[in-house]
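Step one of this worksheet: look at the structure below.
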Amino acid sequence: GNWSPYSSTYAFTTALDAAKLSSITMAGGVVTIGITNLTLSSTNVVLRAESPMAPSWTTVATFRANGISTNWSEAGSGSSVFYKVRSTK
């Protein structure tokens with residue numbers, strides 16, 4: 001997937017499927033990711049890794065889409081991490 005650096009602390013990657021990461025911000029120690037292009041009622045997972053080439057990614061959230069976009073947040077870890085989102089439909 002594609003990835004873009006976000007400051008010296010966080011970065012994100014977009015998965016090559018229906019759901020897309022549209023934004024990422026960090027404020028007050030909280031990372032907030034905008035997710036778009038969701039299919040109503042689809043099941044989606046947010047994954048995190050320390051490298052975009054990591055052989056395995058950790059699932060940090062699973063959610064059912066209630067609309068075509070949403071925001072997801074978690075406390076920042078203070079180290080560089082990468083995110084991606086997948087639609088499992």
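Numbering starts fresh at 1 for the residues of each chain in the structure tokens, the chains themselves are lettered A, B, ... in the order given, and ligands are numbered from 1 as they appear.
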Exercise. Which polymer residues have any atom within 8 Å of an atom of Val85 in chain A, counting only C-alpha atoms, with same-chain residues fewer than 6 positions away left out, as a count of residues only?
Worked result: 10
For this session: Would you list the contacts of range 59-76 of chain A as a PyMOL selection string, taking every protein, DNA or RNA residue within 12 Å and counting only C-alpha atoms, but skipping same-chain residues closer than 5 positions in sequence?
Result: chain A and resi 9-11+18-49+81-89
